[in-house]
$ cat my_file11.txt   # compact mmCIF, C-alpha atoms
# COMPACT_ATOMS: atom_id res chain seq x y z
CA MET A 1 71.51 84.13 -36.45
CA VAL A 2 69.33 81.10 -35.69
CA THR A 3 70.20 79.01 -32.65
CA ARG A 4 69.12 75.56 -31.48
CA THR A 5 67.13 77.31 -28.76
CA ASP A 6 65.18 79.20 -31.44
CA ILE A 7 64.44 75.98 -33.29
CA ALA A 8 63.41 74.21 -30.08
CA ASP A 9 61.06 77.08 -29.18
CA TYR A 10 59.21 76.80 -32.49
CA LEU A 11 58.99 73.00 -32.27
CA ASP A 12 57.84 72.91 -28.65
CA GLY A 13 55.40 70.02 -28.23
CA SER A 14 55.65 68.92 -31.85
CA PHE A 15 57.03 65.46 -31.13
CA THR A 16 54.36 64.46 -28.58
CA THR A 17 52.64 62.09 -30.99
CA GLY A 18 55.85 60.45 -32.22
CA GLY A 19 58.45 60.91 -34.91
CA MET A 20 58.15 63.36 -37.76
CA THR A 21 59.54 63.71 -41.25
CA ARG A 22 61.55 66.72 -42.39
CA THR A 23 58.47 68.09 -44.15
CA GLN A 24 56.34 67.67 -41.02
CA ILE A 25 58.99 69.37 -38.88
CA ILE A 26 59.11 72.38 -41.18
CA ALA A 27 55.31 72.54 -41.28
CA ALA A 28 55.09 72.35 -37.47
CA ALA A 29 57.60 75.18 -37.07
CA ASP A 30 55.70 77.23 -39.64
CA GLN A 31 52.43 76.63 -37.77
CA HIS A 32 54.08 77.92 -34.60
CA GLY A 33 55.04 81.14 -36.39
CA ALA A 34 58.72 80.40 -37.04
CA PRO A 35 60.47 83.13 -39.02
CA GLU A 36 62.11 82.38 -42.36
CA PRO A 37 65.64 81.90 -40.94
CA VAL A 38 64.37 79.07 -38.70
CA LEU A 39 62.51 77.43 -41.58
CA THR A 40 65.61 77.76 -43.77
CA ALA A 41 67.76 76.10 -41.11
CA LEU A 42 65.28 73.24 -40.83
CA GLY A 43 65.39 72.92 -44.60
CA LEU A 44 69.00 71.73 -44.19
CA LEU A 45 67.76 68.49 -42.61
CA PRO A 46 68.06 65.46 -44.84
CA GLU A 47 64.88 63.57 -45.70
CA GLY A 48 63.98 60.99 -43.09
CA MET A 49 62.18 60.38 -39.82
CA TYR A 50 63.24 62.12 -36.63
CA ALA A 51 62.17 60.58 -33.33
CA ASN A 52 62.59 63.72 -31.23
CA LEU A 53 64.22 67.12 -31.12
CA ARG A 54 67.63 65.74 -30.13
CA THR A 55 67.81 63.69 -33.33
CA LEU A 56 67.90 66.92 -35.35
CA TRP A 57 71.15 68.27 -33.90
CA PRO A 58 73.64 65.93 -35.59
CA HIS A 59 72.24 67.16 -38.93
CA LEU A 60 72.30 70.81 -37.88
CA ALA A 61 75.84 70.92 -36.54
CA SER A 62 76.38 74.41 -37.97
CA VAL A 63 73.52 75.82 -35.88
CA PRO A 64 74.90 77.13 -32.56
CA ARG A 65 73.37 76.04 -29.25
CA SER A 66 72.46 79.56 -28.18
$ encode --input "my_file11.txt" --output "structure tokens"
Amino acid sequence: MVTRTDIADYLDGSFTTGGMTRTQIIAAADQHGAPEPVLTALGLLPEGMYANLRTLWPHLASVPRS
């Protein structure tokens, strides 16, 4: 089971240069070695810009905190 902590670990430092699109978020997690379940969970995000990690959580309500 993927948790928000897992997602945060694989996106650590990814928002330092500003907001990212869904595609960029998935690519960043992939670059940090995220396993398929994390990438699948991120694939649930709707298209759009996300300013920081906290802006992901309303769209990933089914992903537990830890």
$ residues_around --input "my_file11.txt" --residues "Thr3 (chain A)" --least-positions-apart "6" --cutoff "6 Å" --atoms "all atoms listed in the file" --output "list in words"
Val63, Pro64, Arg65 and Ser66 of chain A
$ write_last_selection --input "my_file11.txt" --atoms "C-alpha atoms" --output "mmCIF file, in the coordinates of the input"
data_model
loop_
_atom_site.group_PDB
_atom_site.id
_atom_site.type_symbol
_atom_site.label_atom_id
_atom_site.label_comp_id
_atom_site.auth_asym_id
_atom_site.auth_seq_id
_atom_site.Cartn_x
_atom_site.Cartn_y
_atom_site.Cartn_z
ATOM 1 C CA VAL A 63 73.520 75.820 -35.880
ATOM 2 C CA PRO A 64 74.900 77.130 -32.560
ATOM 3 C CA ARG A 65 73.370 76.040 -29.250
ATOM 4 C CA SER A 66 72.460 79.560 -28.180
#
$ atom_distance --input "my_file11.txt" --atom1 "CA of Ala34 (chain A)" --atom2 "CA of Gly13 (chain A)"
14.0 Å
$ residues_around --input "my_file11.txt" --residues "Asp6 (chain A)" --least-positions-apart "5" --cutoff "12 Å" --atoms "all atoms listed in the file" --output "list in words"
Met1, Leu11, Asp12, Ala29, His32, Gly33, Ala34, Pro35, Glu36, Pro37, Val38, Leu39, Ala41, Leu42, Val63, Pro64, Arg65 and Ser66 of chain A
$ residues_around --input "my_file11.txt" --residues "Gly48 (chain A)" --least-positions-apart "2" --cutoff "7 Å" --atoms "only C-alpha atoms" --output "list in words"
Thr21, Arg22, Pro46 and Tyr50 of chain A
$ atom_distance --input "my_file11.txt" --atom1 "CA of Thr23 (chain A)" --atom2 "CA of Ser62 (chain A)"
20.0 Å
$ closest_residue --input "my_file11.txt" --among "A:Leu60, A:Leu53, A:Gln24, A:Leu45" --to "Asp9 (chain A)" --atoms "only C-alpha atoms"
A:Leu53
$ atom_distance --input "my_file11.txt" --atom1 "CA of Met49 (chain A)" --atom2 "CA of Gly19 (chain A)"
6.2 Å
$ axis_aligned_box --input "my_file11.txt" --around "region 13-26 of chain A" --padding-each-side "6 Å" --output "lines of an AutoDock Vina configuration file"
center_x = 57.1
center_y = 66.4
center_z = -36.2
size_x = 20.9
size_y = 23.9
size_z = 27.9
$ closest_residue --input "my_file11.txt" --among "A:Tyr10, A:Thr17, A:Arg4, A:Asn52" --to "Gln31 (chain A)" --atoms "only C-alpha atoms"
A:Tyr10
